[in-house]
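Participant: Here you go, this is entry_28.txt (compact mmCIF, C-alpha atoms and all ligand atoms).
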```txt
# COMPACT_ATOMS: atom_id res chain seq x y z
CA MET L 1 40.28 108.40 -29.73
CA SER L 2 42.70 111.13 -30.79
CA ALA L 3 41.49 113.74 -33.25
CA SER L 4 43.18 113.99 -36.64
CA LEU L 5 46.20 116.31 -36.68
CA SER L 6 44.41 118.87 -38.85
CA ALA L 7 41.20 119.02 -36.75
CA PRO L 8 40.93 122.20 -34.69
CA ARG L 9 41.59 121.56 -31.03
CA VAL L 10 39.40 123.41 -28.58
CA GLY L 11 40.09 123.93 -24.90
CA VAL L 12 37.30 123.79 -22.32
CA TRP L 13 38.49 125.59 -19.20
CA LEU L 14 36.21 124.75 -16.28
CA VAL L 15 36.14 127.08 -13.27
CA GLY L 16 35.25 124.64 -10.48
CA ALA L 17 37.01 121.83 -12.38
CA ARG L 18 36.91 119.34 -9.52
CA GLY L 19 33.17 119.69 -8.80
CA SER L 20 30.37 117.24 -9.62
CA VAL L 21 29.26 118.96 -12.83
CA ALA L 22 32.83 119.43 -14.13
CA THR L 23 33.82 115.83 -13.37
CA THR L 24 30.69 114.55 -15.12
CA VAL L 25 31.46 116.77 -18.13
CA ILE L 26 35.01 115.42 -18.45
CA ALA L 27 34.04 111.80 -17.78
CA GLY L 28 30.98 112.04 -20.04
CA CYS L 29 32.92 113.48 -22.96
CA ALA L 30 35.49 110.68 -22.71
CA ALA L 31 32.76 108.01 -22.41
CA VAL L 32 30.84 109.26 -25.45
CA THR L 33 34.00 109.77 -27.51
CA ALA L 34 35.09 106.21 -26.74
CA GLY L 35 31.67 104.89 -27.82
CA LEU L 36 30.91 103.58 -24.30
CA HIS L 37 27.68 105.58 -23.98
CA ALA L 38 25.22 107.38 -26.26
CA PRO L 39 25.20 111.21 -26.20
CA THR L 40 21.75 111.30 -24.53
CA GLY L 41 20.82 114.86 -23.53
CA MET L 42 23.26 116.54 -25.95
CA VAL L 43 21.31 118.77 -28.34
CA THR L 44 24.48 119.35 -30.37
CA GLU L 45 24.44 115.66 -31.32
CA THR L 46 20.95 115.93 -32.86
CA ASP L 47 20.14 116.66 -36.51
CA VAL L 48 19.60 120.38 -35.92
CA PHE L 49 23.38 120.88 -35.59
CA THR L 50 24.37 118.75 -38.57
CA GLY L 51 26.78 120.79 -40.68
CA SER L 52 27.16 123.61 -38.11
CA GLY L 53 30.91 123.03 -37.95
CA LEU L 54 30.99 122.37 -34.20
CA PRO L 55 34.25 121.01 -32.80
CA ALA L 56 34.18 117.22 -32.45
CA LEU L 57 33.91 115.87 -28.91
CA SER L 58 37.22 114.10 -29.55
CA SER L 59 38.91 117.47 -30.15
CA LEU L 60 37.99 118.92 -26.73
CA VAL L 61 40.87 119.35 -24.27
CA PHE L 62 39.93 119.95 -20.62
CA GLY L 63 41.57 122.04 -17.93
CA GLY L 64 40.49 124.50 -15.29
CA HIS L 65 40.78 126.12 -11.89
CA ASP L 66 39.65 124.86 -8.50
CA THR L 67 40.35 125.72 -4.90
CA VAL L 68 40.39 122.09 -3.69
CA ASP L 69 42.94 119.45 -4.67
CA CYS L 70 40.96 116.17 -4.69
CA PRO L 71 42.25 114.31 -7.81
CA LEU L 72 39.69 113.96 -10.60
CA PRO L 73 39.91 110.13 -10.73
CA LYS L 74 39.04 110.05 -7.01
CA ARG L 75 36.18 112.52 -7.52
CA ALA L 76 34.88 110.37 -10.39
CA GLU L 77 35.01 107.25 -8.17
CA ALA L 78 32.95 109.08 -5.54
CA LEU L 79 30.38 110.05 -8.20
CA ALA L 80 30.24 106.43 -9.42
CA ALA L 81 29.68 105.26 -5.83
CA GLY L 82 26.76 107.72 -5.63
CA GLY L 83 25.25 106.40 -8.87
CA VAL L 84 25.92 109.64 -10.79
CA LEU L 85 28.48 108.00 -13.11
CA PRO L 86 28.05 104.40 -14.28
CA HIS L 87 30.00 101.82 -12.27
CA GLY L 88 33.27 100.97 -13.96
CA LEU L 89 33.39 104.17 -16.01
CA PRO L 90 36.15 105.93 -13.98
CA SER L 91 38.56 103.03 -14.55
CA ALA L 92 37.61 102.74 -18.25
CA ILE L 93 38.53 106.39 -18.86
CA ALA L 94 41.29 106.74 -16.25
CA ALA L 95 43.77 108.15 -18.79
CA GLU L 96 41.42 110.98 -19.82
CA LEU L 97 40.66 111.86 -16.18
CA GLU L 98 44.38 111.94 -15.37
CA ALA L 99 45.12 114.10 -18.42
CA ALA L 100 42.48 116.65 -17.37
CA ASP L 101 43.70 116.50 -13.76
CA ARG L 102 47.17 117.57 -14.91
CA GLU L 103 45.62 120.72 -16.46
CA ILE L 104 43.88 121.95 -13.30
CA ARG L 105 45.52 124.96 -11.63
CA PRO L 106 44.92 126.37 -8.16
CA GLY L 107 42.05 128.85 -8.15
CA GLY L 108 41.37 131.61 -5.70
CA PRO L 109 41.10 133.60 -3.66
CA THR L 110 41.75 131.03 -0.91
CA PRO L 111 41.66 132.08 2.76
CA GLY L 112 44.71 134.24 3.53
CA ASP L 113 45.29 135.08 -0.16
CA THR L 114 46.80 138.58 -0.13
CA ARG L 115 46.80 139.14 -3.91
CA ALA L 116 44.93 142.19 -5.18
CA PRO L 117 42.00 141.54 -7.58
CA ASP L 118 44.07 142.63 -10.59
CA GLU L 119 46.89 140.25 -9.64
CA LEU L 120 44.38 137.39 -9.41
CA ILE L 121 42.93 138.25 -12.83
CA ASP L 122 46.45 138.33 -14.26
CA ALA L 123 47.33 134.98 -12.69
CA PHE L 124 44.15 133.30 -13.98
CA ALA L 125 44.65 134.81 -17.48
CA ALA L 126 48.28 133.58 -17.49
CA ASP L 127 47.08 130.03 -16.68
CA LEU L 128 44.65 130.22 -19.60
CA ARG L 129 47.22 131.51 -22.08
CA ASP L 130 49.69 128.84 -20.95
CA PHE L 131 47.03 126.13 -21.48
CA VAL L 132 46.24 127.32 -25.00
CA ARG L 133 49.92 127.62 -25.96
CA ARG L 134 51.23 124.38 -24.43
CA ARG L 135 48.37 122.25 -25.76
CA GLY L 136 48.47 123.85 -29.22
CA LEU L 137 44.80 124.88 -29.07
CA ASP L 138 42.98 127.03 -31.62
CA ARG L 139 40.92 128.58 -28.84
CA ALA L 140 39.62 127.87 -25.32
CA VAL L 141 36.17 128.53 -23.89
CA VAL L 142 35.92 129.35 -20.17
CA VAL L 143 32.88 127.81 -18.46
CA ASN L 144 32.01 128.70 -14.88
CA VAL L 145 30.75 125.63 -12.99
CA ALA L 146 32.06 126.69 -9.55
CA SER L 147 30.00 126.84 -6.35
CA THR L 148 27.22 129.45 -6.41
CA GLU L 149 28.36 132.65 -4.70
CA PRO L 150 26.30 134.58 -2.20
CA VAL L 151 24.91 137.86 -3.63
CA ARG L 152 26.86 140.70 -2.03
CA PRO L 153 27.13 144.18 -3.51
CA GLY L 154 30.51 145.86 -3.89
CA ALA L 155 33.90 144.39 -4.78
CA MET L 156 34.26 141.94 -7.64
CA PRO L 157 33.39 138.39 -6.50
CA PRO L 158 35.64 135.49 -7.62
CA SER L 159 33.32 134.61 -10.53
CA SER L 160 33.88 138.11 -11.95
CA LEU L 161 37.66 137.82 -11.52
CA TYR L 162 37.57 134.64 -13.62
CA ALA L 163 35.29 136.29 -16.19
CA ALA L 164 37.70 139.25 -16.40
CA ALA L 165 40.58 136.78 -16.86
CA ALA L 166 38.73 135.13 -19.75
CA LEU L 167 38.40 138.53 -21.46
CA ARG L 168 42.07 139.33 -20.76
CA ALA L 169 43.17 136.02 -22.29
CA GLY L 170 40.86 136.45 -25.32
CA CYS L 171 38.58 133.52 -24.42
CA PRO L 172 34.80 133.27 -24.94
CA TYR L 173 32.96 132.91 -21.61
CA VAL L 174 29.95 130.90 -20.43
CA ASN L 175 28.44 131.29 -16.95
CA PHE L 176 26.55 128.09 -16.09
CA THR L 177 25.90 129.34 -12.52
CA PRO L 178 23.80 132.18 -11.08
CA SER L 179 26.98 133.91 -9.81
CA THR L 180 27.81 137.42 -11.05
CA GLY L 181 30.50 136.57 -13.62
CA LEU L 182 30.43 139.10 -16.47
CA HIS L 183 27.36 140.86 -14.96
CA HIS L 184 29.59 143.08 -12.79
CA PRO L 185 29.32 146.78 -13.75
CA GLU L 186 33.12 147.04 -14.10
CA LEU L 187 33.04 144.35 -16.79
CA THR L 188 30.29 145.76 -19.02
CA ALA L 189 32.64 147.95 -21.10
CA PRO L 190 35.51 145.40 -21.34
CA ALA L 191 33.03 142.69 -22.40
CA GLU L 192 31.58 144.95 -25.12
CA SER L 193 34.97 145.98 -26.48
CA SER L 194 36.49 142.48 -26.28
CA GLY L 195 34.87 141.24 -29.49
CA LEU L 196 34.27 137.91 -27.75
CA PRO L 197 31.00 135.95 -27.59
CA TYR L 198 29.60 135.15 -24.15
CA ALA L 199 26.58 133.38 -22.67
CA GLY L 200 24.82 132.73 -19.35
CA ARG L 201 23.47 132.71 -16.66
CA ASP L 202 22.59 129.55 -14.70
CA GLY L 203 21.86 126.34 -16.55
CA LYS L 204 18.18 125.49 -16.93
CA THR L 205 18.15 121.78 -16.15
CA GLY L 206 15.10 120.76 -14.07
CA GLN L 207 12.44 122.77 -12.28
CA THR L 208 13.04 125.88 -14.41
CA LEU L 209 13.09 123.84 -17.62
CA LEU L 210 9.60 122.62 -16.73
CA ARG L 211 8.49 126.14 -15.77
CA SER L 212 9.57 127.49 -19.16
CA VAL L 213 7.21 124.98 -20.80
CA LEU L 214 4.28 125.19 -18.37
CA GLY L 215 4.29 129.00 -17.97
CA PRO L 216 3.55 129.61 -21.70
CA MET L 217 0.93 126.82 -21.62
CA PHE L 218 -1.08 128.61 -18.92
CA ALA L 219 -0.69 131.97 -20.70
CA GLN L 220 -1.66 130.61 -24.14
CA ARG L 221 -4.72 128.75 -22.74
CA ALA L 222 -5.83 132.00 -20.98
CA LEU L 223 -5.80 130.24 -17.61
CA SER L 224 -5.14 132.53 -14.68
CA VAL L 225 -2.23 131.48 -12.47
CA ARG L 226 -2.92 132.64 -8.91
CA ALA L 227 0.15 131.28 -7.14
CA TRP L 228 3.22 129.25 -8.13
CA SER L 229 5.18 127.80 -5.22
CA GLY L 230 8.20 125.55 -5.40
CA THR L 231 10.49 123.55 -3.15
CA ASN L 232 13.80 121.92 -4.03
CA LEU L 233 15.49 119.23 -1.94
CA LEU L 234 19.08 118.44 -2.84
CA GLY L 235 22.46 117.55 -1.32
CA GLY L 236 26.02 117.47 -2.68
CA GLY L 237 28.28 120.51 -2.90
CA ASP L 238 25.54 122.52 -4.62
CA GLY L 239 23.04 121.76 -1.83
CA ALA L 240 25.61 122.83 0.79
CA ALA L 241 26.42 126.08 -1.07
CA LEU L 242 22.73 126.89 -1.52
CA ALA L 243 22.08 126.42 2.21
CA ASP L 244 23.46 129.99 2.46
CA PRO L 245 20.37 132.18 1.98
CA ALA L 246 22.42 134.75 0.02
CA ALA L 247 23.50 132.06 -2.49
CA ALA L 248 19.96 130.63 -2.70
CA ALA L 249 18.67 134.14 -3.43
CA ALA L 250 20.74 134.25 -6.64
CA LYS L 251 19.40 130.86 -7.75
CA ASN L 252 15.76 131.63 -6.91
CA ALA L 253 15.83 134.98 -8.73
CA GLY L 254 16.48 133.10 -12.00
CA LYS L 255 13.76 130.51 -11.29
CA GLU L 256 11.22 133.27 -10.60
CA ARG L 257 12.29 135.37 -13.61
CA VAL L 258 11.11 132.57 -15.92
CA LEU L 259 7.61 132.81 -14.42
CA ALA L 260 7.44 136.61 -14.64
CA ASP L 261 8.67 136.50 -18.27
CA THR L 262 6.34 133.74 -19.46
CA LEU L 263 3.19 134.75 -17.50
CA GLY L 264 3.60 138.49 -18.01
CA ALA L 265 3.86 139.20 -14.26
CA ALA L 266 5.31 137.38 -11.28
CA PRO L 267 2.59 135.27 -9.58
CA ASP L 268 2.28 134.93 -5.80
CA GLY L 269 4.34 132.19 -4.23
CA GLU L 270 7.95 131.54 -3.33
CA THR L 271 10.67 129.09 -4.27
CA HIS L 272 12.70 127.40 -1.54
CA ILE L 273 15.86 125.31 -1.61
CA ASP L 274 16.61 122.86 1.23
CA ASP L 275 19.96 121.14 1.70
CA VAL L 276 19.37 117.42 2.33
CA PRO L 277 22.93 115.97 2.34
CA VAL L 278 21.76 112.33 2.16
CA LEU L 279 20.28 112.99 -1.32
CA GLY L 280 23.72 113.82 -2.77
CA ASP L 281 23.40 114.85 -6.42
CA TRP L 282 19.78 113.62 -6.65
CA LYS L 283 17.32 116.46 -6.61
CA THR L 284 13.58 116.50 -5.96
CA ALA L 285 11.83 119.64 -7.17
CA TRP L 286 8.14 120.07 -6.39
CA ASP L 287 5.94 122.78 -7.89
CA HIS L 288 2.41 123.63 -6.77
CA ILE L 289 0.48 125.81 -9.22
CA ALA L 290 -2.89 127.22 -8.14
CA PHE L 291 -4.87 128.51 -11.12
CA ASP L 292 -8.36 129.65 -12.08
CA GLY L 293 -10.35 128.25 -14.99
CA PHE L 294 -13.66 129.32 -16.60
CA LEU L 295 -16.03 131.14 -14.20
CA GLY L 296 -13.24 131.32 -11.61
CA THR L 297 -13.20 127.57 -10.96
CA ARG L 298 -10.16 126.86 -8.79
CA MET L 299 -7.73 124.13 -9.81
CA VAL L 300 -4.22 122.93 -8.96
CA LEU L 301 -1.40 121.36 -10.95
CA GLN L 302 1.45 119.71 -9.02
CA THR L 303 4.66 118.46 -10.59
CA THR L 304 7.47 116.41 -9.05
CA TRP L 305 10.82 116.34 -10.83
CA GLN L 306 13.39 113.81 -9.61
CA GLY L 307 16.65 114.22 -11.41
CA CYS L 308 20.38 113.65 -11.11
CA ASP L 309 21.69 117.19 -11.25
CA SER L 310 25.12 116.59 -12.79
CA ALA L 311 23.77 114.16 -15.39
CA LEU L 312 21.30 116.87 -16.43
CA ALA L 313 23.91 119.63 -16.48
CA ALA L 314 26.91 117.91 -18.12
CA PRO L 315 25.50 117.46 -21.65
CA LEU L 316 24.41 121.10 -21.65
CA VAL L 317 27.89 122.25 -20.63
CA LEU L 318 29.35 120.24 -23.52
CA ASP L 319 26.76 121.75 -25.90
CA LEU L 320 27.53 125.28 -24.71
CA ALA L 321 31.30 124.84 -24.98
CA ARG L 322 31.02 123.53 -28.55
CA ILE L 323 28.51 126.16 -29.72
CA THR L 324 30.39 129.05 -28.12
CA ALA L 325 33.71 127.85 -29.58
CA ARG L 326 32.15 127.67 -33.05
CA ALA L 327 30.52 131.11 -32.57
CA HIS L 328 33.97 132.51 -31.74
CA GLU L 329 35.51 130.83 -34.78
CA ALA L 330 32.68 132.23 -36.96
CA GLY L 331 33.40 135.78 -35.70
CA LEU L 332 30.28 136.26 -33.52
CA SER L 333 30.69 138.58 -30.57
CA GLY L 334 28.69 139.94 -27.64
CA PRO L 335 25.81 138.23 -25.79
CA LEU L 336 24.65 135.01 -27.45
CA SER L 337 20.95 135.54 -26.72
CA GLU L 338 20.13 132.55 -28.97
CA LEU L 339 21.41 130.33 -26.15
CA GLY L 340 18.50 131.33 -23.87
CA PHE L 341 17.27 127.73 -24.38
CA TYR L 342 19.97 126.68 -21.90
CA PHE L 343 19.64 129.33 -19.19
CA LYS L 344 17.37 130.52 -16.39
CA ASP L 345 18.47 134.14 -16.72
CA PRO L 346 19.67 134.53 -20.31
CA VAL L 347 21.89 137.36 -21.56
CA GLY L 348 20.56 139.69 -24.25
CA ASP L 349 17.03 139.93 -25.59
CA GLY L 350 15.37 136.69 -26.48
CA PRO L 351 12.09 134.81 -26.04
CA SER L 352 11.32 133.15 -22.69
CA SER L 353 9.26 130.10 -23.66
CA LEU L 354 11.22 126.93 -24.35
CA GLY L 355 9.60 126.37 -27.77
CA GLU L 356 10.60 129.80 -29.06
CA GLN L 357 14.04 129.45 -27.48
CA TYR L 358 14.53 126.16 -29.34
CA ALA L 359 13.59 127.87 -32.62
CA ALA L 360 16.18 130.60 -31.91
CA LEU L 361 18.80 127.93 -31.18
CA ALA L 362 17.98 126.12 -34.44
CA ASP L 363 18.35 129.42 -36.29
CA LEU L 364 21.79 129.91 -34.72
CA ALA L 365 22.76 126.35 -35.72
CA THR L 366 22.00 127.29 -39.33
CA ARG L 367 23.91 130.57 -39.15
CA LEU L 368 26.97 128.77 -37.75
CA ARG L 369 27.30 126.56 -40.84
CA PRO L 370 30.74 127.18 -42.35
CA LEU L 371 30.77 129.21 -45.55
CA PRO L 372 32.05 127.32 -48.60
CA GLU L 373 35.35 129.26 -48.49
CA GLU L 374 35.91 128.45 -44.80
CA THR L 375 38.46 125.66 -44.79
CA ARG L 376 38.44 123.38 -41.79
N1 LIG L 401 21.80 120.70 -12.70
C1 LIG L 401 22.88 121.22 -12.18
O1 LIG L 401 23.74 120.51 -11.70
C2 LIG L 401 23.09 122.69 -12.24
C3 LIG L 401 22.18 123.50 -12.90
C4 LIG L 401 22.41 124.88 -12.96
C5 LIG L 401 23.54 125.42 -12.35
N2 LIG L 401 24.39 124.62 -11.68
C6 LIG L 401 25.53 125.24 -10.99
O2 LIG L 401 26.74 124.61 -11.31
C7 LIG L 401 27.66 124.84 -10.24
C8 LIG L 401 28.40 123.56 -9.90
O3 LIG L 401 27.55 122.62 -9.32
P1 LIG L 401 28.18 121.27 -8.70
O4 LIG L 401 27.05 120.40 -8.33
O5 LIG L 401 29.26 120.76 -9.59
O6 LIG L 401 28.84 121.84 -7.35
P2 LIG L 401 30.12 121.26 -6.59
O7 LIG L 401 30.05 121.84 -5.21
O8 LIG L 401 30.20 119.78 -6.72
O9 LIG L 401 31.37 121.87 -7.38
C9 LIG L 401 31.75 123.21 -7.29
C10 LIG L 401 33.28 123.30 -7.40
O10 LIG L 401 33.64 124.69 -7.42
C11 LIG L 401 34.85 124.82 -6.69
N3 LIG L 401 35.08 126.20 -6.29
C12 LIG L 401 34.50 126.91 -5.30
N4 LIG L 401 34.99 128.17 -5.25
C13 LIG L 401 35.90 128.27 -6.26
C14 LIG L 401 36.76 129.32 -6.71
N5 LIG L 401 36.77 130.51 -6.13
N6 LIG L 401 37.57 129.04 -7.73
C15 LIG L 401 37.57 127.83 -8.35
N7 LIG L 401 36.79 126.81 -7.96
C16 LIG L 401 35.96 127.02 -6.91
C17 LIG L 401 34.65 123.85 -5.51
O11 LIG L 401 35.88 123.55 -4.87
C18 LIG L 401 34.01 122.66 -6.20
O12 LIG L 401 34.98 121.73 -6.65
C19 LIG L 401 26.85 125.44 -9.08
O13 LIG L 401 27.03 126.82 -9.03
C20 LIG L 401 25.43 125.10 -9.49
O14 LIG L 401 24.48 126.00 -8.94
C21 LIG L 401 24.21 123.26 -11.62
```
Using structure tokens, write down the structure from this file.
Ligand SMILES: NC(=O)c1ccc[n+]([C@@H]2O[C@H](COP(=O)([O-])OP(=O)(O)OC[C@H]3O[C@@H](n4cnc5c(N)ncnc54)[C@H](O)[C@@H]3O)[C@@H](O)[C@H]2O)c1

Facilitator:
Amino acid sequence: MSASLSAPRVGVWLVGARGSVATTVIAGCAAVTAGLHAPTGMVTETDVFTGSGLPALSSLVFGGHDTVDCPLPKRAEALAAGGVLPHGLPSAIAAELEAADREIRPGGPTPGDTRAPDELIDAFAADLRDFVRRRGLDRAVVVNVASTEPVRPGAMPPSSLYAAAALRAGCPYVNFTPSTGLHHPELTAPAESSGLPYAGRDGKTGQTLLRSVLGPMFAQRALSVRAWSGTNLLGGGDGAALADPAAAAAKNAGKERVLADTLGAAPDGETHIDDVPVLGDWKTAWDHIAFDGFLGTRMVLQTTWQGCDSALAAPLVLDLARITARAHEAGLSGPLSELGFYFKDPVGDGPSSLGEQYAALADLATRLRPLPEETR
């Protein structure tokens, strides 16, 4: 499964590299590359990206930062035991998991870490440069899949230190979480002057994906949404992190933004997230939409989404890494608003309904096609 010597090699540097999403990304890429599973859920493997010059899955090299040291093969076994990864997959791709495990460096700040923010940024950037140099990569994309941070004003949170390190090391950046990342005021100017493409925030994988389809439907049919209420039940590391109301606030802001953007104004109603550890990575998201029809007739739509969070997220992370790497190679810079299809709270100015976002993505896929003189 090795790429040809001349094929560009692209690094995917995962912040939160030992988490459920990251482990599923690494295991999933190896499984698809080896022909063990179909690339279900990967938009970059559909016809719309034919000829866009995306890096092959076999050319992706994984590494990253994490603050825990559980080996990736062990993490993958735990995910297989929970039904997130197919049984037998971790042993079938043990070599790929071990190779990625060797490229994971200690993240930070850990309790008692006395390094100043700039020292941490320098250390993270040095790890990135070392990865690119040692592995002979053409470029590396940094993707944040670490635990959601609580929203707290003031000093740069860890996600912003990693985003600053990506800029310092000359790497495109994708924020798959609702954490601050590049959205910190101190990073606005460096991001603009870096000449690098970036994308985010917070992958749109379940409840919000549905909202970005249903919101425009109500608006286009001139039905009046009176209240939109939602509840999410989930476990795993994400469920535990989101049990902190300050972390849940960041997540819910993105979910509610989709409604305000697609309906024209935020409807009544709240979104809640409950940690139910026994559910592990399996999420239930329930939406209750109270709306008025002709002559004020009151009606209700209820939806129940039951999904495996990491299996929904991983193909999108692979898509984003490939598209952002190609955008960097093609010389694109700044916010990639065409990637709004993937996010709850997209960077830049773009449409908010899923259909229009898909059209913008397809347009980007066309623009990424290598020019005849571009030799690959
Ligand atoms: N469908 C989805 O799964 C989905 C959708 C949208 C967004 N997300 C986001 O993706 C992220 C990852 O989700 P998950 O289920 O893999 O969570 P997880 O708890 O399994 O993994 C998070 C990882 O981040 C690591 N981490 C925490 N702080 C860190 C730091 N300072 N530096 C480096 N690593 C650190 C943790 O040790 C852990 O290994 C979450 O923020 C989640 O909200 C997930």

Participant: Mind listing the residues within 6 Å of ligand LIG 401 (chain L), all atoms listed in the file counted, as a CSV table (one decimal) with C-alpha atoms, keeping the file's coordinate frame?

Facilitator:
```
chain,number,residue,atom,x,y,z
L,15,VAL,CA,36.1,127.1,-13.3
L,16,GLY,CA,35.2,124.6,-10.5
L,18,ARG,CA,36.9,119.3,-9.5
L,19,GLY,CA,33.2,119.7,-8.8
L,20,SER,CA,30.4,117.2,-9.6
L,21,VAL,CA,29.3,119.0,-12.8
L,22,ALA,CA,32.8,119.4,-14.1
L,65,HIS,CA,40.8,126.1,-11.9
L,66,ASP,CA,39.6,124.9,-8.5
L,67,THR,CA,40.4,125.7,-4.9
L,68,VAL,CA,40.4,122.1,-3.7
L,107,GLY,CA,42.0,128.8,-8.2
L,108,GLY,CA,41.4,131.6,-5.7
L,109,PRO,CA,41.1,133.6,-3.7
L,145,VAL,CA,30.8,125.6,-13.0
L,146,ALA,CA,32.1,126.7,-9.6
L,147,SER,CA,30.0,126.8,-6.4
L,148,THR,CA,27.2,129.4,-6.4
L,158,PRO,CA,35.6,135.5,-7.6
L,176,PHE,CA,26.6,128.1,-16.1
L,177,THR,CA,25.9,129.3,-12.5
L,202,ASP,CA,22.6,129.6,-14.7
L,203,GLY,CA,21.9,126.3,-16.6
L,204,LYS,CA,18.2,125.5,-16.9
L,205,THR,CA,18.2,121.8,-16.2
L,237,GLY,CA,28.3,120.5,-2.9
L,238,ASP,CA,25.5,122.5,-4.6
L,309,ASP,CA,21.7,117.2,-11.2
L,310,SER,CA,25.1,116.6,-12.8
L,312,LEU,CA,21.3,116.9,-16.4
L,313,ALA,CA,23.9,119.6,-16.5
```

Participant: At what distance in Å, to one decimal, does CA of Ala164 in chain L lie from CA of Ala365 in chain L?

Facilitator: 27.6 Å

Participant: Which residue, L:Leu223, L:Leu361, L:Ala321, L:Leu336, has the smallest gap to Leu301 in chain L when you use only C-alpha atoms?

Facilitator: L:Leu223

Participant: With distances taken over only C-alpha atoms, which residue among L:Leu339, L:Leu187, L:Ala99, L:Ala266 lies nearest Leu316 in chain L?

Facilitator: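 Nearest to Leu316 in chain L: L:Leu339.
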
Participant: Counting all atoms listed in the file, figure out which residue out of L:Thr40, L:Thr284, L:Ser333, L:Thr304 gets nearest to Gly195 in chain L.

Facilitator: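 Of L:Thr40, L:Thr284, L:Ser333, L:Thr304, the one nearest Gly195 in chain L is L:Ser333, counting all atoms listed in the file.
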